[in-house]
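*Asks:* This one is coords.tsv, TSV, C-alpha atoms.
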chain	number	residue	atom	x	y	z
O	1	MET	CA	55.94	-84.30	-84.17
O	2	GLN	CA	59.43	-83.71	-82.75
O	3	GLN	CA	61.97	-86.28	-83.95
O	4	ASP	CA	64.36	-87.86	-81.51
O	5	PRO	CA	67.84	-86.55	-82.53
O	6	LYS	CA	69.48	-89.73	-81.24
O	7	ILE	CA	67.63	-91.87	-83.78
O	8	GLU	CA	68.60	-91.95	-87.43
O	9	TYR	CA	65.37	-91.78	-89.41
O	10	ARG	CA	64.90	-92.86	-92.99
O	11	ALA	CA	62.30	-91.85	-95.55
O	12	LEU	CA	59.47	-94.26	-96.36
O	13	THR	CA	59.76	-95.98	-99.71
O	14	PRO	CA	56.97	-95.25	-102.24
O	15	GLU	CA	55.72	-98.82	-101.69
O	16	GLU	CA	55.51	-98.25	-97.91
O	17	GLU	CA	53.70	-94.94	-98.43
O	18	ALA	CA	51.20	-96.61	-100.76
O	19	ARG	CA	50.59	-99.32	-98.17
O	20	ARG	CA	50.02	-96.73	-95.48
O	21	ARG	CA	47.59	-94.82	-97.72
O	22	LYS	CA	45.60	-98.01	-98.34
O	23	ARG	CA	45.49	-98.68	-94.59
O	24	SER	CA	44.21	-95.14	-93.96
O	25	VAL	CA	41.46	-95.58	-96.56
O	26	ALA	CA	40.50	-98.94	-95.00
O	27	ILE	CA	40.30	-97.36	-91.52
O	28	ALA	CA	38.14	-94.52	-92.88
O	29	LEU	CA	35.79	-97.00	-94.56
O	30	ALA	CA	35.61	-99.11	-91.38
O	31	LEU	CA	34.73	-96.01	-89.34
O	32	GLY	CA	32.04	-95.08	-91.87
O	33	ALA	CA	30.66	-98.61	-91.74
O	34	MET	CA	30.58	-98.44	-87.92
O	35	VAL	CA	28.60	-95.18	-88.03
O	36	LEU	CA	26.15	-96.78	-90.45
O	37	LEU	CA	25.93	-99.91	-88.28
O	38	PHE	CA	25.06	-97.89	-85.16
O	39	PHE	CA	22.53	-95.82	-87.13
O	40	VAL	CA	20.75	-98.92	-88.47
O	41	LEU	CA	20.92	-100.55	-85.03
O	42	THR	CA	19.37	-97.49	-83.39
O	43	ILE	CA	16.55	-97.27	-85.94
O	44	ALA	CA	15.90	-101.03	-85.69
O	45	LYS	CA	15.82	-100.86	-81.88
O	46	LEU	CA	13.55	-97.80	-81.72
O	47	GLY	CA	11.12	-99.21	-84.27
O	48	PRO	CA	9.05	-97.46	-86.92
O	49	GLN	CA	6.64	-95.89	-84.40
O	50	VAL	CA	9.31	-93.87	-82.59
O	51	LEU	CA	7.97	-90.47	-83.70
O	52	ASN	CA	4.31	-91.40	-83.27
O	53	ARG	CA	3.79	-90.34	-79.67
O	54	PRO	CA	1.87	-87.66	-77.74
O	55	LEU	CA	3.75	-84.47	-76.97
V	1	MET	CA	62.90	-80.39	-93.93
V	2	THR	CA	61.66	-83.95	-93.68
V	3	SER	CA	58.33	-84.24	-91.92
V	4	ALA	CA	57.96	-86.88	-89.25
V	5	SER	CA	54.96	-88.37	-91.00
V	6	HIS	CA	57.12	-89.43	-93.93
V	7	THR	CA	60.01	-90.96	-92.01
V	8	LEU	CA	60.43	-94.20	-90.20
V	9	ASN	CA	62.14	-95.05	-86.97
V	10	PRO	CA	64.29	-98.00	-88.02
V	11	ALA	CA	63.97	-99.45	-84.54
V	12	LEU	CA	60.47	-100.44	-85.58
V	13	SER	CA	60.66	-103.66	-87.52
V	14	THR	CA	57.89	-102.90	-89.98
V	15	VAL	CA	55.82	-100.02	-91.37
V	16	GLY	CA	52.62	-101.97	-91.03
V	17	GLY	CA	51.08	-104.58	-93.27
V	18	ASP	CA	48.82	-104.41	-96.25
V	19	VAL	CA	45.05	-104.36	-95.71
V	20	PRO	CA	44.64	-108.07	-96.69
V	21	ASP	CA	47.21	-108.98	-94.00
V	22	TYR	CA	44.94	-107.58	-91.30
V	23	PHE	CA	42.01	-109.44	-92.82
V	24	ALA	CA	44.06	-112.66	-92.83
V	25	LEU	CA	44.62	-112.22	-89.05
V	26	LEU	CA	40.87	-112.76	-88.61
V	27	LYS	CA	40.99	-116.27	-90.15
V	28	PRO	CA	38.27	-115.48	-92.71
V	29	ARG	CA	37.46	-119.13	-93.46
V	30	VAL	CA	36.74	-119.76	-89.79
V	31	MET	CA	34.59	-116.61	-89.76
V	32	VAL	CA	32.47	-117.98	-92.61
V	33	LEU	CA	31.95	-121.23	-90.70
V	34	VAL	CA	31.01	-119.32	-87.55
V	35	ILE	CA	28.46	-117.19	-89.43
V	36	PHE	CA	26.99	-120.36	-90.92
V	37	THR	CA	26.71	-122.31	-87.66
V	38	ALA	CA	25.39	-119.28	-85.74
V	39	LEU	CA	22.77	-118.79	-88.46
V	40	VAL	CA	21.69	-122.42	-88.04
V	41	GLY	CA	21.47	-121.79	-84.27
V	42	MET	CA	19.17	-118.84	-85.02
V	43	SER	CA	17.06	-120.92	-87.40
V	44	VAL	CA	16.29	-123.60	-84.79
V	45	SER	CA	15.16	-120.97	-82.28
V	46	HIS	CA	11.57	-120.44	-81.24
V	47	GLY	CA	11.42	-116.65	-81.24
V	48	HIS	CA	11.71	-113.98	-83.88
V	49	VAL	CA	14.27	-111.30	-84.55
V	50	SER	CA	14.19	-108.48	-87.10
V	51	PRO	CA	16.43	-109.00	-90.15
V	52	ALA	CA	18.53	-105.92	-89.28
V	53	ILE	CA	19.14	-107.06	-85.70
V	54	GLY	CA	19.82	-110.62	-86.90
V	55	ALA	CA	22.33	-109.45	-89.51
V	56	ILE	CA	24.14	-107.11	-87.10
V	57	SER	CA	24.27	-109.87	-84.47
V	58	LEU	CA	25.73	-112.34	-86.97
V	59	PHE	CA	28.27	-109.72	-88.00
V	60	ALA	CA	29.26	-109.15	-84.36
V	61	ILE	CA	29.59	-112.90	-83.75
V	62	ALA	CA	31.79	-113.22	-86.86
V	63	VAL	CA	34.00	-110.30	-85.82
V	64	GLY	CA	34.30	-111.77	-82.31
V	65	ALA	CA	35.41	-115.08	-83.82
V	66	GLY	CA	37.86	-113.20	-86.04
V	67	ALA	CA	39.21	-111.34	-83.02
V	68	SER	CA	39.85	-114.58	-81.16
V	69	GLY	CA	41.63	-115.92	-84.28
V	70	CYS	CA	43.76	-112.78	-84.33
V	71	LEU	CA	44.69	-113.17	-80.65
V	72	ASN	CA	45.49	-116.84	-81.35
V	73	MET	CA	47.87	-115.82	-84.16
V	74	TRP	CA	49.47	-113.22	-81.89
V	75	TRP	CA	50.15	-115.81	-79.19
V	76	ASP	CA	51.15	-118.65	-81.52
V	77	ALA	CA	53.44	-116.73	-83.89
V	78	ASP	CA	56.50	-118.72	-82.71
V	79	VAL	CA	54.77	-122.05	-83.34
V	80	ASP	CA	53.28	-120.89	-86.65
V	81	ALA	CA	56.76	-120.00	-87.89
V	82	VAL	CA	57.98	-123.61	-87.76
V	83	MET	CA	54.95	-125.26	-89.39
V	84	THR	CA	54.64	-125.21	-93.20
V	85	ARG	CA	50.84	-124.81	-93.01
V	86	THR	CA	51.11	-121.60	-90.98
V	87	ALA	CA	54.56	-120.14	-91.73
V	88	SER	CA	53.16	-117.67	-94.27
V	89	ARG	CA	50.73	-116.09	-91.77
V	90	PRO	CA	51.22	-112.30	-91.41
V	91	ILE	CA	53.13	-112.30	-88.09
V	92	PRO	CA	55.66	-115.14	-88.72
V	93	ALA	CA	56.14	-113.81	-92.26
V	94	GLY	CA	57.08	-110.42	-90.77
V	95	ARG	CA	54.35	-108.40	-92.47
V	96	ILE	CA	52.65	-107.38	-89.20
V	97	THR	CA	54.21	-106.94	-85.77
V	98	SER	CA	52.82	-108.96	-82.88
V	99	GLY	CA	51.98	-105.73	-81.04
V	100	GLU	CA	49.77	-104.58	-83.90
V	101	ALA	CA	48.00	-107.95	-83.97
V	102	LEU	CA	47.44	-107.83	-80.20
V	103	GLY	CA	45.94	-104.33	-80.38
V	104	PHE	CA	43.80	-105.23	-83.37
V	105	GLY	CA	42.52	-108.42	-81.70
V	106	LEU	CA	41.75	-106.77	-78.36
V	107	PHE	CA	39.93	-103.85	-79.98
V	108	LEU	CA	37.78	-106.13	-82.13
V	109	SER	CA	37.06	-108.42	-79.15
V	110	VAL	CA	35.70	-105.58	-77.02
V	111	ALA	CA	33.87	-103.93	-79.94
V	112	SER	CA	32.16	-107.15	-81.08
V	113	VAL	CA	30.94	-108.01	-77.56
V	114	LEU	CA	29.61	-104.47	-77.02
V	115	VAL	CA	27.80	-104.41	-80.38
V	116	LEU	CA	26.25	-107.83	-79.76
V	117	GLY	CA	25.14	-106.72	-76.29
V	118	LEU	CA	23.52	-103.60	-77.75
V	119	ALA	CA	21.96	-105.37	-80.74
V	120	ALA	CA	20.72	-108.56	-79.06
V	121	ASN	CA	21.02	-109.18	-75.33
V	122	VAL	CA	23.45	-109.56	-72.45
V	123	LEU	CA	23.38	-113.38	-72.55
V	124	SER	CA	24.58	-113.61	-76.16
V	125	ALA	CA	27.24	-110.94	-75.54
V	126	ALA	CA	28.45	-112.84	-72.46
V	127	LEU	CA	28.58	-116.08	-74.46
V	128	LEU	CA	30.60	-114.36	-77.20
V	129	ALA	CA	33.01	-112.94	-74.61
V	130	PHE	CA	33.33	-116.40	-73.06
V	131	THR	CA	34.03	-117.91	-76.50
V	132	ILE	CA	36.79	-115.36	-77.22
V	133	VAL	CA	38.42	-115.83	-73.81
V	134	PHE	CA	38.10	-119.61	-74.04
V	135	TYR	CA	39.76	-119.76	-77.47
V	136	ALA	CA	42.44	-117.12	-76.91
V	137	VAL	CA	43.33	-117.82	-73.26
V	138	ILE	CA	42.18	-121.31	-72.25
V	139	TYR	CA	42.94	-123.02	-75.58
V	140	SER	CA	45.76	-120.99	-77.17
V	141	MET	CA	47.72	-119.94	-74.10
V	142	TRP	CA	47.15	-122.93	-71.88
V	143	LEU	CA	45.77	-126.18	-73.33
V	144	LYS	CA	47.40	-126.17	-76.78
V	145	ARG	CA	50.96	-126.53	-75.49
V	146	SER	CA	50.27	-128.50	-72.34
V	147	THR	CA	47.93	-131.43	-73.02
V	148	ALA	CA	47.04	-133.90	-75.75
V	149	GLN	CA	43.39	-133.15	-74.95
V	150	ASN	CA	43.97	-129.61	-76.29
V	151	ILE	CA	41.62	-129.76	-79.27
V	152	VAL	CA	39.07	-131.87	-77.38
V	153	ILE	CA	38.50	-129.23	-74.69
V	154	GLY	CA	39.33	-126.31	-77.01
V	155	GLY	CA	36.69	-127.59	-79.40
V	156	ALA	CA	34.10	-126.03	-77.09
V	157	ALA	CA	35.01	-122.60	-78.46
V	158	GLY	CA	34.31	-123.69	-82.03
V	159	ALA	CA	31.07	-125.35	-80.95
V	160	LEU	CA	29.53	-122.32	-79.23
V	161	PRO	CA	28.35	-120.17	-82.21
V	162	PRO	CA	25.00	-122.03	-82.62
V	163	VAL	CA	24.34	-121.50	-78.90
V	164	ILE	CA	25.08	-117.78	-79.30
V	165	GLY	CA	22.80	-117.70	-82.36
V	166	GLN	CA	19.88	-119.14	-80.40
V	167	ALA	CA	20.62	-116.82	-77.46
V	168	VAL	CA	20.36	-113.85	-79.86
V	169	VAL	CA	16.84	-114.86	-80.91
V	170	ASP	CA	15.42	-116.47	-77.78
V	171	GLY	CA	17.40	-114.66	-75.09
V	172	ARG	CA	18.11	-117.99	-73.37
V	173	LEU	CA	20.03	-121.22	-73.76
V	174	GLY	CA	18.01	-123.73	-75.76
V	175	VAL	CA	18.28	-127.51	-75.93
V	176	GLU	CA	18.20	-127.31	-79.76
V	177	SER	CA	21.45	-125.38	-80.01
V	178	LEU	CA	23.03	-127.23	-77.08
V	179	ILE	CA	22.60	-130.43	-79.12
V	180	LEU	CA	24.32	-128.68	-82.06
V	181	PHE	CA	27.08	-127.67	-79.63
V	182	ALA	CA	27.48	-131.33	-78.63
V	183	ILE	CA	27.62	-132.45	-82.28
V	184	ILE	CA	30.43	-129.99	-83.17
V	185	PHE	CA	32.21	-130.79	-79.88
V	186	ILE	CA	32.26	-134.56	-80.54
V	187	TRP	CA	33.02	-134.01	-84.25
V	188	THR	CA	36.16	-131.97	-83.54
V	189	PRO	CA	38.53	-134.75	-82.29
V	190	PRO	CA	38.12	-137.19	-85.22
V	191	HIS	CA	38.29	-134.24	-87.63
V	192	PHE	CA	41.47	-132.75	-86.18
V	193	TRP	CA	43.25	-135.98	-85.28
V	194	ALA	CA	42.84	-137.26	-88.86
V	195	LEU	CA	44.95	-134.28	-89.94
V	196	ALA	CA	47.27	-134.61	-86.94
V	197	LEU	CA	48.09	-138.22	-87.93
V	198	ILE	CA	49.55	-136.88	-91.17
V	199	LYS	CA	51.13	-133.75	-89.69
V	200	ALA	CA	52.49	-135.46	-86.54
V	201	GLY	CA	56.07	-134.61	-87.50
V	202	GLU	CA	55.33	-130.91	-87.84
V	203	TYR	CA	53.47	-130.76	-84.54
V	204	ALA	CA	56.38	-132.56	-82.84
V	205	ARG	CA	58.85	-130.06	-84.29
V	206	ALA	CA	56.68	-127.19	-83.03
V	207	GLY	CA	56.44	-128.79	-79.57
V	208	ILE	CA	52.63	-129.13	-79.69
V	209	PRO	CA	51.48	-132.25	-77.79
V	210	MET	CA	48.91	-133.54	-80.30
V	211	MET	CA	47.38	-136.96	-79.60
V	212	PRO	CA	49.48	-138.89	-82.19
V	213	ASN	CA	52.68	-137.48	-80.66
V	214	VAL	CA	51.70	-138.18	-77.06
V	215	ALA	CA	49.59	-141.37	-77.09
V	216	GLY	CA	50.86	-142.65	-80.42
V	217	PRO	CA	49.13	-143.16	-83.79
V	218	GLU	CA	47.55	-146.48	-82.74
V	219	SER	CA	45.75	-145.01	-79.74
V	220	THR	CA	44.74	-141.97	-81.79
V	221	ARG	CA	43.17	-144.18	-84.48
V	222	ARG	CA	41.20	-146.11	-81.85
V	223	GLN	CA	39.99	-142.87	-80.28
V	224	ILE	CA	38.94	-141.57	-83.71
V	225	VAL	CA	36.78	-144.68	-84.11
V	226	TRP	CA	35.21	-144.26	-80.65
V	227	TYR	CA	34.40	-140.60	-81.22
V	228	SER	CA	32.89	-141.41	-84.65
V	229	LEU	CA	30.79	-144.21	-83.15
V	230	PHE	CA	29.45	-141.72	-80.61
V	231	LEU	CA	29.02	-138.95	-83.19
V	232	ALA	CA	26.89	-140.93	-85.67
V	233	PRO	CA	23.87	-141.43	-83.33
V	234	LEU	CA	24.39	-138.03	-81.69
V	235	GLY	CA	24.09	-136.46	-85.13
V	236	LEU	CA	20.54	-137.83	-85.28
V	237	ALA	CA	19.47	-136.32	-81.93
V	238	PRO	CA	17.73	-133.35	-83.65
V	239	VAL	CA	15.45	-135.89	-85.37
V	240	ALA	CA	14.56	-137.51	-82.04
V	241	LEU	CA	13.88	-134.09	-80.54
V	242	GLY	CA	11.59	-133.16	-83.41
V	243	TYR	CA	13.45	-130.27	-85.06
V	244	GLY	CA	15.34	-132.36	-87.61
V	245	GLY	CA	13.09	-133.61	-90.41
V	246	LEU	CA	13.26	-136.25	-93.13
V	247	LEU	CA	15.99	-134.55	-95.16
V	248	TYR	CA	18.11	-134.15	-92.03
V	249	ALA	CA	17.46	-137.77	-91.00
V	250	VAL	CA	18.63	-139.10	-94.38
V	251	ILE	CA	21.78	-136.91	-94.46
V	252	GLY	CA	22.52	-137.63	-90.79
V	253	THR	CA	22.21	-141.38	-91.30
V	254	VAL	CA	24.25	-141.57	-94.51
V	255	GLY	CA	26.84	-139.12	-93.15
V	256	GLY	CA	27.08	-140.91	-89.80
V	257	VAL	CA	27.64	-144.27	-91.51
V	258	GLY	CA	30.26	-142.58	-93.71
V	259	MET	CA	32.10	-141.14	-90.69
V	260	VAL	CA	32.18	-144.54	-88.95
V	261	ALA	CA	33.26	-146.38	-92.13
V	262	LEU	CA	36.05	-143.88	-92.87
V	263	SER	CA	37.27	-143.95	-89.27
V	264	PHE	CA	37.57	-147.75	-89.49
V	265	ARG	CA	39.51	-147.26	-92.74
V	266	VAL	CA	41.89	-145.01	-90.79
V	267	LEU	CA	42.18	-147.73	-88.11
V	268	HIS	CA	43.13	-150.41	-90.65
V	269	ASN	CA	45.47	-148.46	-92.94
V	270	ARG	CA	48.55	-147.77	-90.88
V	271	THR	CA	51.42	-147.26	-93.24
V	272	GLY	CA	52.57	-145.38	-96.31
V	273	GLU	CA	50.30	-143.87	-98.92
V	274	ALA	CA	47.24	-145.84	-97.74
V	275	GLU	CA	47.53	-144.31	-94.26
V	276	LYS	CA	47.74	-140.81	-95.69
V	277	LYS	CA	44.83	-141.42	-98.08
V	278	ALA	CA	42.62	-142.82	-95.31
V	279	ALA	CA	43.37	-139.96	-92.91
V	280	MET	CA	42.89	-137.21	-95.50
V	281	GLY	CA	39.72	-138.97	-96.67
V	282	LEU	CA	38.25	-138.81	-93.16
V	283	PHE	CA	39.44	-135.22	-92.70
V	284	GLY	CA	37.75	-134.09	-95.94
V	285	PHE	CA	34.60	-136.13	-95.36
V	286	SER	CA	34.20	-134.81	-91.81
V	287	ILE	CA	33.99	-131.25	-93.16
V	288	LEU	CA	31.41	-132.33	-95.74
V	289	TYR	CA	29.44	-134.24	-93.07
V	290	LEU	CA	29.12	-131.30	-90.69
V	291	PHE	CA	28.37	-128.87	-93.49
V	292	ALA	CA	25.65	-131.17	-94.91
V	293	LEU	CA	24.06	-131.71	-91.46
V	294	PHE	CA	23.83	-127.99	-90.73
V	295	SER	CA	22.74	-127.14	-94.29
V	296	ALA	CA	19.91	-129.66	-93.99
V	297	LEU	CA	18.72	-128.08	-90.73
V	298	LEU	CA	18.90	-124.60	-92.24
V	299	ALA	CA	17.04	-125.67	-95.38
V	300	GLU	CA	14.33	-127.43	-93.37
V	301	GLN	CA	13.82	-124.51	-90.99
V	302	SER	CA	14.09	-121.65	-93.50
V	303	LEU	CA	12.85	-123.05	-96.83
V	304	GLY	CA	9.86	-124.99	-95.55
V	305	LEU	CA	11.40	-128.38	-96.34
V	306	PHE	CA	10.62	-129.81	-92.92
V	307	HIS	CA	8.76	-133.13	-92.96
V	308	SER	CA	8.62	-134.77	-89.57
V	309	VAL	CA	9.74	-138.36	-89.32
V	310	LEU	CA	8.21	-138.79	-85.87
V	311	ALA	CA	4.82	-140.46	-85.73
Show me this structure written as C-alpha cells.
*Replies:*
Amino acid sequence: MQQDPKIEYRALTPEEEARRRKRSVAIALALGAMVLLFFVLTIAKLGPQVLNRPL
Amino acid sequence: MTSASHTLNPALSTVGGDVPDYFALLKPRVMVLVIFTALVGMSVSHGHVSPAIGAISLFAIAVGAGASGCLNMWWDADVDAVMTRTASRPIPAGRITSGEALGFGLFLSVASVLVLGLAANVLSAALLAFTIVFYAVIYSMWLKRSTAQNIVIGGAAGALPPVIGQAVVDGRLGVESLILFAIIFIWTPPHFWALALIKAGEYARAGIPMMPNVAGPESTRRQIVWYSLFLAPLGLAPVALGYGGLLYAVIGTVGGVGMVALSFRVLHNRTGEAEKKAAMGLFGFSILYLFALFSALLAEQSLGLFHSVLA
C-alpha cells in the first residue's frame, strides 16, 4: 500500500501488533465457524434422504 | 523500508480493540437472557424443530440481540461516558472507535437476520429485524432521550425474543408467546424504575428523561406499584391458558405476591438508606421473579414436570 507522504506514520508498538494478531485469529475462527454453520444448516435442511433419489 | 502494514496513521485515534472489547459490545449478559427467553418461547410452541435448526436459530437470535446492543452502544457513547455504570464500555473508554462499532453492529444485524431467515422462516427473521430496528432506532435514537416513557415502550424490544422463538418452531405468532411478551413488557417498568430511583442523579447528569427525573420519585413509586399489581395476575395467565402447570402456578403466585409486597415497600420507604435498600431489593427480586417464571415453564415443557391445575 502506498503511504501518503503528507502524513507522518509511526510504527505499531509490540502490544498493538499483538492485539492485531489476536483480532486476525478471532476473525479467522469466526469465518471458519460461519462455514461450519452453513454446512450444518444445509445438511439439516436437506435431510438425511438427500442422496436417496432416482437418477 | 517500513511496510504500511506495520505503521499507523496517527490521525486514527486507535489501532483497534482487543477481542474481548468486541465481545463486550454485544452485551453478553443480555444475549444470555435473550437465548433463555427465546428458548422458553420455543418450548411453549406446538410444532417441532430439529435440534440443529433450533440451535442455529437461537444463535442467530442471540447475535441479532448482540448486534442491537452494539448499535445502542455506538449511538449512546456520549451518554455512557458520563454514567459510572457505563463509562468503562469499549467506546467511551477509547478502546474501540464508534465507526468500528457501527460497522460491527450493522454487519451482525444483517448476518443474523439472513441466517435466521435461512434456518427457520421469513416471519422469525422479520421479527428479529423488527426487534433490532426497534431497539437501535426507536428506543436508542428516539425514545430514550425524548420521553419518560422510554423504557416502557422500548421494553417491547426486550420482550420479543419468546415470540421469535415460537415463530421459529410454529411459523406463526402464537398466543402462548404473546402472553410471555406481555409479561416481560409489564415487568420492565417496575424493574427499571427501581434502579432509576437510585440512579436518578446520574440519569439527570446524562440528560436522560427517566421517570423519577421527569414525574418525580413519588409518582414513579406509585407507578411501580400499579405495574406490579397488574403484573402479578398477568404472570398467572399461562396457568389459565393451560400451558403453565402446578410448578409454574406456585412460583407465579409466590413471585407475584413478592413483587407486589416489595413494590409497596418501595412506596413507603422514601428516604436515606431504607429507600435505597427497598429499591435495590425490588430490582434484584424482579430479576429472580422473571427468571423463576420462565425456568418453571421451561422445566414443565421440557422435563415432563407439567401437572395441570385446571379441572
*Asks:* In Å, rounded to a single decimal, give me how far CA of Ser295 in chain V is from CA of Phe59 in chain V.
*Replies:*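 Value for the CA of Phe59 in chain V-CA of Ser295 in chain V distance: 19.3 Å.
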*Asks:* Figure out the distance between CA of Tyr248 in chain V and CA of Phe285 in chain V, please, to one decimal in Å.
*Replies:* 16.9 Å
*Asks:* Pick the closest to Ala33 in chain O from V:Ile56, V:Lys144, V:Ser98, V:Ser88: which is it, counting all atoms listed in the file?
*Replies:*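 Residue with the minimum atom-to-atom distance to Ala33 in chain O: V:Ile56.
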*Asks:* Of the residues V:Ala215, V:Glu300, V:Val168, V:Ala62, which is the one nearest to Leu118 in chain V, using only C-alpha atoms?
*Replies:*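 Closest residue, counting only C-alpha atoms: V:Val168.
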*Asks:* Hey, which bits of chain O sit within 6 Å of chain V, and for each residue what's the closest pair of atoms and how far apart in Å (one decimal), counting only C-alpha atoms, rows by chain and increasing number, as JSON lines?
*Replies:*
{"residue": "O:Tyr9", "atom": "CA", "partner": "V:Asn9", "partner_atom": "CA", "distance": 5.2}
{"residue": "O:Arg10", "atom": "CA", "partner": "V:Thr7", "partner_atom": "CA", "distance": 5.3}
{"residue": "O:Ala11", "atom": "CA", "partner": "V:Thr7", "partner_atom": "CA", "distance": 4.3}
{"residue": "O:Leu12", "atom": "CA", "partner": "V:Thr7", "partner_atom": "CA", "distance": 5.5}
{"residue": "O:Arg19", "atom": "CA", "partner": "V:Asp18", "partner_atom": "CA", "distance": 5.7}
{"residue": "O:Arg23", "atom": "CA", "partner": "V:Val19", "partner_atom": "CA", "distance": 5.8}
*Asks:* So, with all atoms listed in the file as the atoms that count, which of V:Phe192, V:Tyr203, V:Phe264, V:Tyr227 lies closest to Val79 in chain V?
*Replies:*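 The shortest atom-to-atom distance to Val79 in chain V comes from V:Tyr203.
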*Asks:* Which one is closest to Leu37 in chain O: V:Gly255, V:Ala81, V:Ala55, V:Ala274? Count all atoms listed in the file.
*Replies:*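 The shortest atom-to-atom distance to Leu37 in chain O comes from V:Ala55.
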*Asks:* For Gly105 in chain V, find every residue with an atom within 9 Å (counting all atoms listed in the file), except residues of its own chain fewer than 2 positions away, and show them as a list in words.
*Replies:*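 In the requested form, the answer reads Leu25, Leu26, Gly64, Gly66, Ala67, Ser68, Gly69, Cys70, Leu71, Asn72, Trp74, Glu100, Ala101, Leu102, Gly103, Phe107, Leu108, Ser109 and Val110 of chain V.
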*Asks:* Would you mind listing what lies within 9 Å of His191 in chain V as a list in words, with all atoms listed in the file counted and same-chain residues fewer than 6 positions away left out?
*Replies:*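 Using all atoms listed in the file, the neighbours found are Ile224, Leu282, Phe283, Gly284, Phe285, Ser286 and Ile287 of chain V.
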*Asks:* Can I get the selected residues back with C-alpha atoms, as an mmCIF file, in the frame of the given file?
*Replies:*
data_model
loop_
_atom_site.group_PDB
_atom_site.id
_atom_site.type_symbol
_atom_site.label_atom_id
_atom_site.label_comp_id
_atom_site.auth_asym_id
_atom_site.auth_seq_id
_atom_site.Cartn_x
_atom_site.Cartn_y
_atom_site.Cartn_z
ATOM 1 C CA ILE V 224 38.940 -141.570 -83.710
ATOM 2 C CA LEU V 282 38.250 -138.810 -93.160
ATOM 3 C CA PHE V 283 39.440 -135.220 -92.700
ATOM 4 C CA GLY V 284 37.750 -134.090 -95.940
ATOM 5 C CA PHE V 285 34.600 -136.130 -95.360
ATOM 6 C CA SER V 286 34.200 -134.810 -91.810
ATOM 7 C CA ILE V 287 33.990 -131.250 -93.160
#
*Asks:* For CA of Val40 in chain V and CA of Leu305 in chain V, quote the distance in Å rounded to one decimal.
*Replies:* 14.5 Å
*Asks:* Taking into account all atoms listed in the file, which residue in the set V:Phe306, V:Phe23, V:Ile35, V:Leu58 is nearest to Ala26 in chain O?
*Replies:* V:Phe23
